[in-house]
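Okay, data.txt now, which holds compact mmCIF, C-alpha atoms:
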# COMPACT_ATOMS: atom_id res chain seq x y z
CA MET L 12 13.21 -2.49 20.54
CA PHE L 13 11.07 -0.06 18.56
CA TYR L 14 9.68 -1.68 15.41
CA LEU L 15 9.01 1.28 13.10
CA ASP L 16 8.64 -0.52 9.78
CA ARG L 17 4.96 -1.41 9.76
CA ALA L 18 4.58 -0.14 6.19
CA ALA L 19 6.71 -3.16 5.23
CA THR L 20 4.79 -5.72 7.28
CA THR L 21 3.02 -6.29 10.59
CA PRO L 22 2.98 -9.25 12.97
CA VAL L 23 0.04 -11.63 12.65
CA ARG L 24 -2.52 -10.86 15.33
CA ARG L 25 -3.41 -13.58 17.80
CA GLU L 26 -7.12 -13.25 16.98
CA VAL L 27 -6.27 -13.87 13.33
CA LEU L 28 -4.24 -16.99 14.11
CA GLU L 29 -7.07 -18.37 16.25
CA ALA L 30 -9.62 -17.73 13.50
CA MET L 31 -7.40 -19.44 10.90
CA TRP L 32 -6.58 -22.52 12.96
CA PRO L 33 -9.78 -24.56 12.34
CA TYR L 34 -9.29 -24.14 8.57
CA LEU L 35 -5.72 -25.40 8.82
CA THR L 36 -6.77 -28.48 10.79
CA GLY L 37 -10.28 -29.95 11.00
CA VAL L 38 -11.98 -27.88 8.31
CA PHE L 39 -9.38 -28.72 5.68
CA GLY L 40 -11.61 -29.46 2.70
CA ASN L 41 -11.52 -28.06 -0.79
CA PRO L 42 -14.35 -25.49 -0.94
CA SER L 43 -15.25 -26.70 -4.45
CA SER L 44 -15.71 -30.33 -3.38
CA PRO L 45 -19.38 -31.47 -3.42
CA HIS L 46 -19.43 -33.19 -0.04
CA ALA L 47 -19.73 -32.30 3.63
CA VAL L 48 -16.01 -31.69 4.16
CA GLY L 49 -15.92 -29.35 1.19
CA ASP L 50 -19.15 -27.66 2.24
CA ALA L 51 -17.69 -26.72 5.62
CA ALA L 52 -14.74 -25.03 3.91
CA ALA L 53 -17.06 -23.34 1.41
CA ARG L 54 -19.13 -21.87 4.25
CA GLY L 55 -15.98 -20.47 5.86
CA LEU L 56 -14.94 -18.93 2.54
CA ALA L 57 -18.38 -17.41 1.99
CA ASP L 58 -18.43 -15.94 5.50
CA ALA L 59 -14.97 -14.45 4.96
CA ARG L 60 -16.04 -12.93 1.65
CA ALA L 61 -19.10 -11.37 3.28
CA ALA L 62 -16.95 -9.89 6.07
CA VAL L 63 -14.52 -8.32 3.61
CA ALA L 64 -17.45 -6.97 1.58
CA THR L 65 -18.79 -5.31 4.73
CA PHE L 66 -15.39 -3.72 5.34
CA LEU L 67 -15.35 -2.37 1.78
CA GLY L 68 -19.03 -1.48 1.57
CA CYS L 69 -19.51 -3.64 -1.53
CA ARG L 70 -21.25 -6.87 -2.50
CA PRO L 71 -19.64 -10.23 -1.66
CA GLY L 72 -19.59 -11.10 -5.36
CA GLU L 73 -17.31 -8.11 -5.98
CA VAL L 74 -14.57 -9.52 -3.69
CA VAL L 75 -11.72 -11.58 -5.15
CA PHE L 76 -9.20 -13.18 -2.80
CA THR L 77 -5.59 -12.86 -3.99
CA SER L 78 -2.07 -13.54 -2.75
CA GLY L 79 -1.44 -9.89 -1.87
CA GLY L 80 -1.13 -6.35 -3.13
CA THR L 81 1.16 -7.15 -6.06
CA GLU L 82 -1.18 -9.74 -7.54
CA GLY L 83 -4.18 -7.50 -6.93
CA ALA L 84 -2.58 -4.54 -8.71
CA ASN L 85 -1.39 -6.69 -11.61
CA THR L 86 -4.83 -8.26 -12.02
CA ALA L 87 -6.63 -4.93 -11.89
CA VAL L 88 -4.34 -3.01 -14.25
CA LYS L 89 -3.83 -5.77 -16.82
CA GLY L 90 -7.22 -7.36 -16.37
CA ILE L 91 -9.34 -4.23 -16.77
CA ALA L 92 -7.23 -2.83 -19.61
CA LEU L 93 -7.32 -6.07 -21.59
CA ALA L 94 -10.90 -7.19 -20.90
CA ALA L 95 -12.78 -4.41 -22.65
CA PRO L 96 -10.42 -1.67 -23.78
CA ARG L 97 -12.05 1.54 -24.97
CA GLY L 98 -8.67 2.37 -26.43
CA ARG L 99 -5.02 1.59 -25.89
CA HIS L 100 -4.22 4.25 -23.32
CA VAL L 101 -3.61 3.92 -19.57
CA VAL L 102 -2.67 6.60 -17.08
CA THR L 103 -0.83 6.32 -13.77
CA SER L 104 1.23 8.55 -11.50
CA ALA L 105 4.99 8.97 -11.13
CA ILE L 106 4.99 7.64 -7.55
CA GLU L 107 3.12 4.36 -7.95
CA HIS L 108 4.35 1.06 -6.56
CA GLU L 109 6.33 -0.98 -9.07
CA ALA L 110 3.48 -3.49 -9.22
CA VAL L 111 1.41 -0.83 -10.99
CA LEU L 112 4.23 0.73 -13.01
CA GLU L 113 5.51 -2.61 -14.29
CA SER L 114 1.98 -3.71 -15.16
CA CYS L 115 1.58 -0.56 -17.24
CA ARG L 116 4.94 -1.19 -18.92
CA TYR L 117 3.83 -4.74 -19.69
CA LEU L 118 0.74 -3.41 -21.45
CA GLU L 119 2.96 -1.01 -23.36
CA ARG L 120 5.53 -3.63 -24.40
CA HIS L 121 3.28 -6.55 -25.22
CA HIS L 122 -0.12 -5.09 -26.10
CA GLY L 123 0.65 -1.77 -27.74
CA PHE L 124 -0.82 0.48 -25.07
CA ASP L 125 0.25 4.08 -24.63
CA VAL L 126 1.16 4.89 -21.02
CA THR L 127 1.02 8.39 -19.60
CA VAL L 128 2.73 9.01 -16.26
CA VAL L 129 1.30 12.02 -14.45
CA PRO L 130 3.80 14.11 -12.46
CA VAL L 131 3.20 14.96 -8.81
CA ALA L 132 3.63 18.11 -6.77
CA PRO L 133 6.61 18.36 -4.37
CA ASP L 134 4.40 16.97 -1.60
CA GLY L 135 3.50 13.93 -3.68
CA LEU L 136 -0.08 14.90 -4.49
CA VAL L 137 -1.62 14.28 -7.90
CA SER L 138 -3.78 17.24 -8.86
CA PRO L 139 -7.08 16.72 -10.68
CA GLU L 140 -5.88 19.32 -13.18
CA ALA L 141 -2.73 17.32 -13.98
CA LEU L 142 -4.79 14.17 -14.39
CA ALA L 143 -7.31 15.98 -16.60
CA ALA L 144 -4.44 17.04 -18.87
CA ALA L 145 -3.31 13.41 -19.16
CA VAL L 146 -6.55 11.54 -19.88
CA ARG L 147 -7.88 11.19 -23.42
CA PRO L 148 -11.05 9.98 -25.12
CA ASP L 149 -9.32 6.62 -25.62
CA THR L 150 -8.12 6.24 -22.00
CA THR L 151 -9.33 2.89 -20.73
CA LEU L 152 -7.86 2.87 -17.20
CA VAL L 153 -6.37 5.21 -14.59
CA SER L 154 -4.48 3.76 -11.60
CA VAL L 155 -3.42 5.97 -8.68
CA ALA L 156 -2.60 4.71 -5.18
CA HIS L 157 -4.70 5.91 -2.29
CA ALA L 158 -1.63 6.43 -0.08
CA ASP L 159 2.04 6.19 -0.92
CA ASN L 160 4.13 3.65 0.97
CA GLU L 161 7.34 5.71 0.97
CA ILE L 162 6.10 9.19 1.83
CA GLY L 163 2.64 8.55 3.29
CA THR L 164 0.83 11.09 1.08
CA VAL L 165 -2.93 10.45 0.80
CA GLN L 166 -4.57 11.31 -2.51
CA ASP L 167 -8.01 12.88 -3.04
CA LEU L 168 -9.31 9.83 -4.85
CA PRO L 169 -12.96 10.90 -5.35
CA ALA L 170 -11.75 13.98 -7.24
CA LEU L 171 -9.27 11.98 -9.32
CA ALA L 172 -11.75 9.20 -10.07
CA ALA L 173 -14.27 11.79 -11.24
CA VAL L 174 -11.76 13.01 -13.82
CA ALA L 175 -11.27 9.46 -15.12
CA HIS L 176 -14.98 8.76 -15.24
CA GLY L 177 -15.49 12.03 -17.08
CA VAL L 178 -13.82 10.50 -20.15
CA GLY L 179 -15.34 7.05 -19.59
CA ALA L 180 -12.23 5.40 -18.14
CA ARG L 181 -12.16 2.94 -15.23
CA PHE L 182 -10.22 3.78 -12.06
CA HIS L 183 -8.14 1.41 -9.90
CA THR L 184 -6.46 2.26 -6.63
CA ASP L 185 -3.75 0.50 -4.66
CA ALA L 186 -5.02 0.72 -1.07
CA VAL L 187 -2.31 -1.44 0.51
CA GLN L 188 -1.12 1.32 2.84
CA SER L 189 -4.44 3.06 3.45
CA ALA L 190 -6.59 0.03 4.32
CA PRO L 191 -5.22 -0.28 7.89
CA TRP L 192 -5.78 3.42 8.62
CA LEU L 193 -8.50 4.98 6.49
CA PRO L 194 -12.06 4.14 5.45
CA VAL L 195 -11.81 2.45 2.05
CA GLY L 196 -14.31 1.06 -0.40
CA LEU L 197 -15.45 1.23 -4.00
CA ASP L 198 -18.30 3.66 -3.36
CA ARG L 199 -16.56 5.62 -0.61
CA LEU L 200 -13.56 6.37 -2.84
CA GLY L 201 -15.53 6.44 -6.09
CA VAL L 202 -13.32 3.82 -7.75
CA ASP L 203 -14.00 0.78 -9.92
CA ALA L 204 -11.33 -1.51 -8.45
CA LEU L 205 -9.36 -1.54 -5.21
CA SER L 206 -6.55 -3.83 -4.07
CA PHE L 207 -4.88 -4.35 -0.71
CA SER L 208 -2.70 -6.79 1.20
CA GLY L 209 -3.42 -8.68 4.42
CA HIS L 210 0.04 -8.55 5.95
CA LYS L 211 -0.10 -4.77 6.45
CA LEU L 212 -2.96 -5.16 8.95
CA GLY L 213 -2.25 -8.26 10.99
CA ALA L 214 -2.96 -11.11 8.57
CA PRO L 215 -0.27 -13.44 7.17
CA LYS L 216 1.85 -12.63 4.16
CA GLY L 217 0.41 -14.11 0.99
CA THR L 218 -3.14 -12.87 1.59
CA GLY L 219 -4.89 -10.08 -0.23
CA VAL L 220 -8.07 -8.76 -1.76
CA LEU L 221 -9.08 -7.23 -5.06
CA ALA L 222 -12.54 -5.66 -5.15
CA VAL L 223 -13.95 -5.07 -8.63
CA ARG L 224 -17.20 -3.25 -9.17
CA GLY L 225 -19.95 -5.43 -10.63
CA GLY L 226 -20.22 -5.08 -14.37
CA VAL L 227 -16.55 -4.21 -14.87
CA PRO L 228 -15.03 -6.85 -17.18
CA LEU L 229 -11.80 -8.40 -15.89
CA GLU L 230 -9.44 -10.60 -17.87
CA PRO L 231 -7.90 -13.06 -15.38
CA LEU L 232 -4.17 -13.58 -15.04
CA LEU L 233 -4.66 -17.17 -13.90
CA HIS L 234 -6.71 -19.56 -16.02
CA GLY L 235 -7.95 -23.00 -15.15
CA GLY L 236 -10.85 -24.01 -12.95
CA GLY L 237 -12.71 -20.73 -13.05
CA HIS L 238 -12.55 -20.07 -9.32
CA GLU L 239 -13.50 -16.68 -7.85
CA ARG L 240 -16.23 -16.33 -10.51
CA GLY L 241 -13.71 -16.86 -13.26
CA ARG L 242 -11.48 -13.99 -12.10
CA ARG L 243 -8.72 -16.02 -10.40
CA SER L 244 -8.39 -19.74 -10.97
CA GLY L 245 -6.85 -21.92 -8.30
CA THR L 246 -8.12 -23.62 -5.17
CA GLU L 247 -8.90 -20.91 -2.68
CA ASP L 248 -6.81 -20.39 0.45
CA VAL L 249 -9.69 -20.65 2.89
CA ALA L 250 -7.55 -20.10 5.99
CA GLY L 251 -5.99 -17.04 4.35
CA ALA L 252 -9.40 -15.65 3.45
CA VAL L 253 -10.60 -16.15 7.02
CA ALA L 254 -7.43 -14.47 8.26
CA ILE L 255 -7.84 -11.34 6.18
CA ALA L 256 -11.55 -11.15 7.01
CA THR L 257 -10.73 -11.28 10.71
CA ALA L 258 -7.98 -8.68 10.34
CA VAL L 259 -10.16 -6.17 8.51
CA ALA L 260 -12.94 -6.55 11.05
CA ILE L 261 -10.47 -5.71 13.85
CA ALA L 262 -9.06 -2.82 11.84
CA ALA L 263 -12.50 -1.35 11.27
CA ALA L 264 -13.36 -1.57 14.98
CA GLU L 265 -10.09 0.03 16.13
CA ARG L 266 -9.39 2.39 13.24
CA ASP L 267 -10.76 5.72 14.41
CA ASP L 268 -9.16 5.62 17.86
CA ALA L 269 -5.90 4.19 16.56
CA ALA L 270 -5.65 6.78 13.78
CA ALA L 271 -6.27 9.65 16.19
CA ARG L 272 -3.56 8.48 18.59
CA ALA L 273 -1.05 7.68 15.84
CA THR L 274 -1.61 11.07 14.21
CA GLY L 275 -0.64 12.86 17.42
CA THR L 276 2.43 10.65 17.77
CA ARG L 277 3.36 11.23 14.13
CA ASP L 278 3.17 15.00 14.47
CA ALA L 279 5.31 14.97 17.63
CA LEU L 280 7.86 12.73 15.93
CA VAL L 281 8.02 14.98 12.86
CA ARG L 282 8.48 18.09 15.00
CA GLY L 283 11.17 16.39 17.03
CA VAL L 284 13.23 15.15 14.09
CA LEU L 285 13.02 18.46 12.21
CA ALA L 286 14.11 20.33 15.34
CA SER L 287 16.89 17.92 16.31
CA VAL L 288 18.55 17.08 12.99
CA PRO L 289 20.08 20.02 11.09
CA GLY L 290 18.90 20.11 7.49
CA ALA L 291 16.30 17.35 7.92
CA VAL L 292 13.53 17.48 5.31
CA LEU L 293 10.05 15.99 5.70
CA THR L 294 9.05 14.13 2.54
CA GLY L 295 5.43 13.97 1.49
CA ALA L 296 2.47 16.11 2.46
CA ALA L 297 2.55 17.56 5.96
CA GLU L 298 -1.19 17.19 6.51
CA ARG L 299 -2.56 14.75 3.92
CA ARG L 300 -0.52 11.79 5.09
CA LEU L 301 -1.11 8.48 6.83
CA PRO L 302 -1.40 8.64 10.64
CA GLY L 303 1.53 6.34 11.51
CA HIS L 304 3.93 7.56 8.86
CA ALA L 305 6.89 9.97 9.14
CA SER L 306 9.49 10.11 6.37
CA PHE L 307 12.59 12.25 6.00
CA CYS L 308 15.67 12.95 3.94
CA PHE L 309 18.97 14.25 5.32
CA PRO L 310 20.74 16.18 2.59
CA GLY L 311 24.09 17.83 3.08
CA VAL L 312 24.09 20.87 5.32
CA PRO L 313 25.44 24.11 3.77
CA ASP L 314 29.00 24.68 4.98
CA GLY L 315 28.76 21.35 6.75
CA PRO L 316 28.73 17.58 6.14
CA ALA L 317 27.60 16.10 2.86
CA ALA L 318 24.40 14.11 2.44
CA VAL L 319 24.32 11.03 4.69
CA ASN L 320 23.97 7.47 3.47
CA GLY L 321 20.47 6.29 4.32
CA GLU L 322 21.38 2.63 4.63
CA THR L 323 24.15 3.52 7.08
CA VAL L 324 21.70 5.54 9.16
CA LEU L 325 19.45 2.46 9.32
CA LEU L 326 22.33 0.38 10.69
CA GLU L 327 23.11 3.05 13.28
CA LEU L 328 19.45 3.18 14.30
CA GLU L 329 19.31 -0.58 14.72
CA GLN L 330 22.29 -0.32 17.06
CA ARG L 331 20.03 1.99 19.09
CA ASP L 332 17.12 -0.49 19.04
CA VAL L 333 15.11 1.34 16.37
CA VAL L 334 14.16 -0.83 13.39
CA SER L 335 13.10 1.20 10.37
CA SER L 336 13.59 1.41 6.60
CA SER L 337 14.61 3.75 3.83
CA GLY L 338 11.48 3.11 1.77
CA SER L 339 9.69 0.28 0.02
CA ALA L 340 10.71 -3.17 1.26
CA CYS L 341 10.32 -4.37 -2.34
CA ALA L 342 13.30 -2.22 -3.34
CA ALA L 343 15.52 -2.97 -0.34
CA GLY L 344 19.16 -3.40 -1.31
CA SER L 345 18.85 -1.42 -4.53
CA THR L 346 21.47 1.25 -5.18
CA GLU L 347 19.06 3.20 -7.37
CA ALA L 348 17.52 6.35 -5.95
CA SER L 349 13.83 6.00 -5.15
CA HIS L 350 11.64 6.92 -8.11
CA VAL L 351 9.10 8.28 -5.62
CA LEU L 352 11.53 10.73 -4.04
CA THR L 353 13.05 11.88 -7.31
CA ALA L 354 9.51 12.46 -8.62
CA LEU L 355 9.13 15.00 -5.80
CA GLY L 356 12.04 16.96 -7.28
CA LEU L 357 14.70 15.69 -4.86
CA SER L 358 18.15 14.94 -6.24
CA ALA L 359 19.30 11.34 -6.46
CA ASP L 360 21.90 11.99 -3.73
CA THR L 361 19.26 13.40 -1.39
CA ALA L 362 16.83 10.57 -2.21
CA ARG L 363 19.44 8.05 -1.08
CA THR L 364 19.35 9.57 2.44
CA ALA L 365 15.72 8.58 3.03
CA LEU L 366 14.43 7.35 6.36
CA ARG L 367 10.87 6.02 6.81
CA LEU L 368 9.40 5.56 10.28
CA THR L 369 6.05 3.74 10.24
CA PHE L 370 4.28 2.62 13.40
CA ASP L 371 0.94 1.83 14.98
CA ALA L 372 -0.92 3.37 17.89
CA GLY L 373 1.26 1.37 20.29
CA LEU L 374 4.10 3.90 19.97
CA ALA L 375 3.52 5.94 23.13
CA ASP L 376 4.05 9.64 23.69
CA GLU L 377 6.93 8.92 26.04
CA ASP L 378 8.63 6.87 23.32
CA VAL L 379 8.85 9.80 20.91
CA PRO L 380 11.80 11.60 22.58
CA VAL L 381 13.73 8.31 22.69
CA VAL L 382 13.20 7.71 18.97
CA VAL L 383 13.99 11.32 18.08
CA ALA L 384 17.23 11.16 20.07
CA ALA L 385 18.18 7.91 18.33
CA VAL L 386 17.59 9.46 14.89
CA ALA L 387 19.58 12.58 15.77
CA GLU L 388 22.47 10.49 17.12
CA ALA L 389 22.46 8.14 14.14
CA VAL L 390 22.52 10.97 11.58
CA ALA L 391 25.21 12.83 13.51
CA THR L 392 27.34 9.67 13.69
CA VAL L 393 27.08 9.07 9.95
CA ARG L 394 27.75 12.71 9.12
CA ALA L 395 30.90 12.56 11.20
CA LEU L 396 32.11 9.77 8.94
CA VAL L 397 31.54 11.71 5.71

Show me, as structure tokens, the structure contained in the file I just sent.
Amino acid sequence: MFYLDRAATTPVRREVLEAMWPYLTGVFGNPSSPHAVGDAAARGLADARAAVATFLGCRPGEVVFTSGGTEGANTAVKGIALAAPRGRHVVTSAIEHEAVLESCRYLERHHGFDVTVVPVAPDGLVSPEALAAAVRPDTTLVSVAHADNEIGTVQDLPALAAVAHGVGARFHTDAVQSAPWLPVGLDRLGVDALSFSGHKLGAPKGTGVLAVRGGVPLEPLLHGGGHERGRRSGTEDVAGAVAIATAVAIAAAERDDAAARATGTRDALVRGVLASVPGAVLTGAAERRLPGHASFCFPGVPDGPAAVNGETVLLELEQRDVVSSSGSACAAGSTEASHVLTALGLSADTARTALRLTFDAGLADEDVPVVVAAVAEAVATVRALV
């Protein structure tokens, strides 16, 4: 079986499980407890925080452990906007994850913020010029994802963050998809806050990180014991923190080689699908995209079959031992067309034909023709039913 849905989740790595195990068994203490059992857990938590800080090129005190990308994005968007607003205006892009979009809508509904949604180009890129036209003197926060989960497009964050900082606004980025593949960090990307999830890079589900630059006020979503320097109350998941620290260390060590190999595989897969499936359309930027990410739509062919049903293609692919998705796992089962794909200018009917193939460096060159043939057969089968 070919598992080509790594943008949805990845298996937990053995090294991660082994690193977690002591903190699930013998070192079980509460890291806030003032005794030897608690101290052992506290040391593990501190070491994990330092390891994540190294991965992000920031200070350990700027790292907040969360339950995943959704909590991190919610905390950053709501927390920064509410903590010290320069005004009541936030800016985001049309292709953000719902965790960001819904957080912005929450600020709009319940706190009187104005929300400006910046359009994207047909390849999914946000231009600095479009962002400059959207920000205002009262803009308090801009949130744009580093890489999109549905189409793989990678944004020029330093350029976009410079626009936000030019009017005095803070900048948050959702780095859930980019963290496994690309160098990320507050200084490297020029951002004030960055969130990502552990289960995209070999840690368990329910683990995540939010990095917030020192000096940036953050209103917490969770109140209580003042854990994580008052930014996220609740007894820390020490084993989860150790897991994500181990996963990011492995990712950093393997990243360059893995990205180079997956980029070559991606390009071969894209060429193969476009050549083998009549009318196939690559979605997202051809060059500025994640290494292990190929996404397509299969609209109706002129003088031929109508647009295929994407969910039916997925079922056909699974019959051919290819497991994939049509887009964000968070929206699986929805009959609505993807807001990301329609933001690119695609029709709702075309957007419903989406296929996303996401993989790691383990997909070998010799596997590409097999996957391409499976996609071509699946689309042809569905088109024959239309």

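Of the listed residues (L:Pro302, L:Pro133, L:Lys89, L:Gly80), L:Lys89 comes nearest to Glu119 (chain L); the distances count all atoms listed in the file.
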
Shell of 10 Å around Val27 (chain L), only C-alpha atoms, local chain residues under 4 positions omitted, as a list in words: Val23, Met31, Trp32, Gly213, Ala214, Pro215, Ala250, Gly251, Val253, Ala254, Ile255, Ala256, Thr257, Ala258, Val259 and Ile261 of chain L

Selection as a PyMOL selection string: residues within 12 Å of (-1.8, 14.0, -3.7), counting all atoms listed in the file: chain L and resi 104-107+129-142+155-159+162-171+295-301+355

Minimum-distance residue to Ser43 (chain L), chosen among L:His238, L:Arg272, L:Arg363, L:Arg266 (using all atoms listed in the file):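 Comparing L:His238, L:Arg272, L:Arg363, L:Arg266 against Ser43 (chain L), the winner is L:His238.
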
Atom-to-atom span, CA of Ala222 (chain L) and CA of Val202 (chain L), Å: 9.9 Å

Atom pair CA of Asp278 (chain L) / CA of Ala318 (chain L): separation (Å):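 Going from CA of Asp278 (chain L) over to CA of Ala318 (chain L), I get 24.4 Å.
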
CA of Leu112 (chain L) to CA of Arg99 (chain L), distance in Å rounded to a single decimal: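 Pair CA of Leu112 (chain L) / CA of Arg99 (chain L) returns 15.9 Å.
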
Long-range neighbours of Gly37 (chain L) as JSON, numbers by chain, 10 Å cut-off, only C-alpha atoms, 3 positions minimum in chain: {"L": [32, 33, 34, 40, 48, 51, 52]}

Which residue of L:Ala145, L:Ala269, L:Leu229, L:Ala47 approaches Ala372 (chain L) most closely, using all atoms listed in the file: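 Nearest to Ala372 (chain L): L:Ala269.
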
Go through region 83-170 of chain L and flag each residue having an atom no more than 10 Å from region 178-195 of chain L; for those, report the closest pair of atoms plus their distance in Å to one decimal, using only C-alpha atoms, ordered by chain and rising number, as JSON lines.
{"residue": "L:Gly83", "atom": "CA", "partner": "L:Asp185", "partner_atom": "CA", "distance": 8.3}
{"residue": "L:Ala84", "atom": "CA", "partner": "L:Asp185", "partner_atom": "CA", "distance": 6.6}
{"residue": "L:Ala87", "atom": "CA", "partner": "L:His183", "partner_atom": "CA", "distance": 6.8}
{"residue": "L:Val88", "atom": "CA", "partner": "L:His183", "partner_atom": "CA", "distance": 7.3}
{"residue": "L:Ile91", "atom": "CA", "partner": "L:Arg181", "partner_atom": "CA", "distance": 7.9}
{"residue": "L:Ala92", "atom": "CA", "partner": "L:Arg181", "partner_atom": "CA", "distance": 8.8}
{"residue": "L:Pro96", "atom": "CA", "partner": "L:Ala180", "partner_atom": "CA", "distance": 9.2}
{"residue": "L:Arg97", "atom": "CA", "partner": "L:Ala180", "partner_atom": "CA", "distance": 7.8}
{"residue": "L:Gly98", "atom": "CA", "partner": "L:Ala180", "partner_atom": "CA", "distance": 9.5}
{"residue": "L:His100", "atom": "CA", "partner": "L:Ala180", "partner_atom": "CA", "distance": 9.6}
{"residue": "L:Val101", "atom": "CA", "partner": "L:Ala180", "partner_atom": "CA", "distance": 8.9}
{"residue": "L:Val102", "atom": "CA", "partner": "L:Phe182", "partner_atom": "CA", "distance": 9.5}
{"residue": "L:Thr103", "atom": "CA", "partner": "L:His183", "partner_atom": "CA", "distance": 9.6}
{"residue": "L:Glu107", "atom": "CA", "partner": "L:Asp185", "partner_atom": "CA", "distance": 8.5}
{"residue": "L:His108", "atom": "CA", "partner": "L:Asp185", "partner_atom": "CA", "distance": 8.3}
{"residue": "L:Ala110", "atom": "CA", "partner": "L:Asp185", "partner_atom": "CA", "distance": 9.4}
{"residue": "L:Val111", "atom": "CA", "partner": "L:Asp185", "partner_atom": "CA", "distance": 8.3}
{"residue": "L:Ala143", "atom": "CA", "partner": "L:Val178", "partner_atom": "CA", "distance": 9.2}
{"residue": "L:Val146", "atom": "CA", "partner": "L:Val178", "partner_atom": "CA", "distance": 7.3}
{"residue": "L:Arg147", "atom": "CA", "partner": "L:Val178", "partner_atom": "CA", "distance": 6.8}
{"residue": "L:Pro148", "atom": "CA", "partner": "L:Val178", "partner_atom": "CA", "distance": 5.7}
{"residue": "L:Asp149", "atom": "CA", "partner": "L:Val178", "partner_atom": "CA", "distance": 8.1}
{"residue": "L:Thr150", "atom": "CA", "partner": "L:Ala180", "partner_atom": "CA", "distance": 5.7}
{"residue": "L:Thr151", "atom": "CA", "partner": "L:Ala180", "partner_atom": "CA", "distance": 4.6}
{"residue": "L:Leu152", "atom": "CA", "partner": "L:Arg181", "partner_atom": "CA", "distance": 4.7}
{"residue": "L:Val153", "atom": "CA", "partner": "L:Phe182", "partner_atom": "CA", "distance": 4.8}
{"residue": "L:Ser154", "atom": "CA", "partner": "L:His183", "partner_atom": "CA", "distance": 4.7}
{"residue": "L:Val155", "atom": "CA", "partner": "L:Thr184", "partner_atom": "CA", "distance": 5.2}
{"residue": "L:Ala156", "atom": "CA", "partner": "L:Asp185", "partner_atom": "CA", "distance": 4.4}
{"residue": "L:His157", "atom": "CA", "partner": "L:Ala186", "partner_atom": "CA", "distance": 5.3}
{"residue": "L:Ala158", "atom": "CA", "partner": "L:Ser189", "partner_atom": "CA", "distance": 5.6}
{"residue": "L:Asp159", "atom": "CA", "partner": "L:Gln188", "partner_atom": "CA", "distance": 6.9}
{"residue": "L:Asn160", "atom": "CA", "partner": "L:Gln188", "partner_atom": "CA", "distance": 6.0}
{"residue": "L:Glu161", "atom": "CA", "partner": "L:Gln188", "partner_atom": "CA", "distance": 9.7}
{"residue": "L:Gly163", "atom": "CA", "partner": "L:Gln188", "partner_atom": "CA", "distance": 8.2}
{"residue": "L:Thr164", "atom": "CA", "partner": "L:Ser189", "partner_atom": "CA", "distance": 9.9}
{"residue": "L:Val165", "atom": "CA", "partner": "L:Ser189", "partner_atom": "CA", "distance": 8.0}
{"residue": "L:Leu168", "atom": "CA", "partner": "L:Thr184", "partner_atom": "CA", "distance": 8.3}

Output file for the selection above: C-alpha atoms, as a PDB file, keeping the file's coordinate frame:
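As a result, result00.pdb now contains:
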ATOM      1  CA  GLY L  83      -4.180  -7.500  -6.930  1.00  0.00           C
ATOM      2  CA  ALA L  84      -2.580  -4.540  -8.710  1.00  0.00           C
ATOM      3  CA  ALA L  87      -6.630  -4.930 -11.890  1.00  0.00           C
ATOM      4  CA  VAL L  88      -4.340  -3.010 -14.250  1.00  0.00           C
ATOM      5  CA  ILE L  91      -9.340  -4.230 -16.770  1.00  0.00           C
ATOM      6  CA  ALA L  92      -7.230  -2.830 -19.610  1.00  0.00           C
ATOM      7  CA  PRO L  96     -10.420  -1.670 -23.780  1.00  0.00           C
ATOM      8  CA  ARG L  97     -12.050   1.540 -24.970  1.00  0.00           C
ATOM      9  CA  GLY L  98      -8.670   2.370 -26.430  1.00  0.00           C
ATOM     10  CA  HIS L 100      -4.220   4.250 -23.320  1.00  0.00           C
ATOM     11  CA  VAL L 101      -3.610   3.920 -19.570  1.00  0.00           C
ATOM     12  CA  VAL L 102      -2.670   6.600 -17.080  1.00  0.00           C
ATOM     13  CA  THR L 103      -0.830   6.320 -13.770  1.00  0.00           C
ATOM     14  CA  GLU L 107       3.120   4.360  -7.950  1.00  0.00           C
ATOM     15  CA  HIS L 108       4.350   1.060  -6.560  1.00  0.00           C
ATOM     16  CA  ALA L 110       3.480  -3.490  -9.220  1.00  0.00           C
ATOM     17  CA  VAL L 111       1.410  -0.830 -10.990  1.00  0.00           C
ATOM     18  CA  ALA L 143      -7.310  15.980 -16.600  1.00  0.00           C
ATOM     19  CA  VAL L 146      -6.550  11.540 -19.880  1.00  0.00           C
ATOM     20  CA  ARG L 147      -7.880  11.190 -23.420  1.00  0.00           C
ATOM     21  CA  PRO L 148     -11.050   9.980 -25.120  1.00  0.00           C
ATOM     22  CA  ASP L 149      -9.320   6.620 -25.620  1.00  0.00           C
ATOM     23  CA  THR L 150      -8.120   6.240 -22.000  1.00  0.00           C
ATOM     24  CA  THR L 151      -9.330   2.890 -20.730  1.00  0.00           C
ATOM     25  CA  LEU L 152      -7.860   2.870 -17.200  1.00  0.00           C
ATOM     26  CA  VAL L 153      -6.370   5.210 -14.590  1.00  0.00           C
ATOM     27  CA  SER L 154      -4.480   3.760 -11.600  1.00  0.00           C
ATOM     28  CA  VAL L 155      -3.420   5.970  -8.680  1.00  0.00           C
ATOM     29  CA  ALA L 156      -2.600   4.710  -5.180  1.00  0.00           C
ATOM     30  CA  HIS L 157      -4.700   5.910  -2.290  1.00  0.00           C
ATOM     31  CA  ALA L 158      -1.630   6.430  -0.080  1.00  0.00           C
ATOM     32  CA  ASP L 159       2.040   6.190  -0.920  1.00  0.00           C
ATOM     33  CA  ASN L 160       4.130   3.650   0.970  1.00  0.00           C
ATOM     34  CA  GLU L 161       7.340   5.710   0.970  1.00  0.00           C
ATOM     35  CA  GLY L 163       2.640   8.550   3.290  1.00  0.00           C
ATOM     36  CA  THR L 164       0.830  11.090   1.080  1.00  0.00           C
ATOM     37  CA  VAL L 165      -2.930  10.450   0.800  1.00  0.00           C
ATOM     38  CA  LEU L 168      -9.310   9.830  -4.850  1.00  0.00           C
TER      39      LEU L 168
END
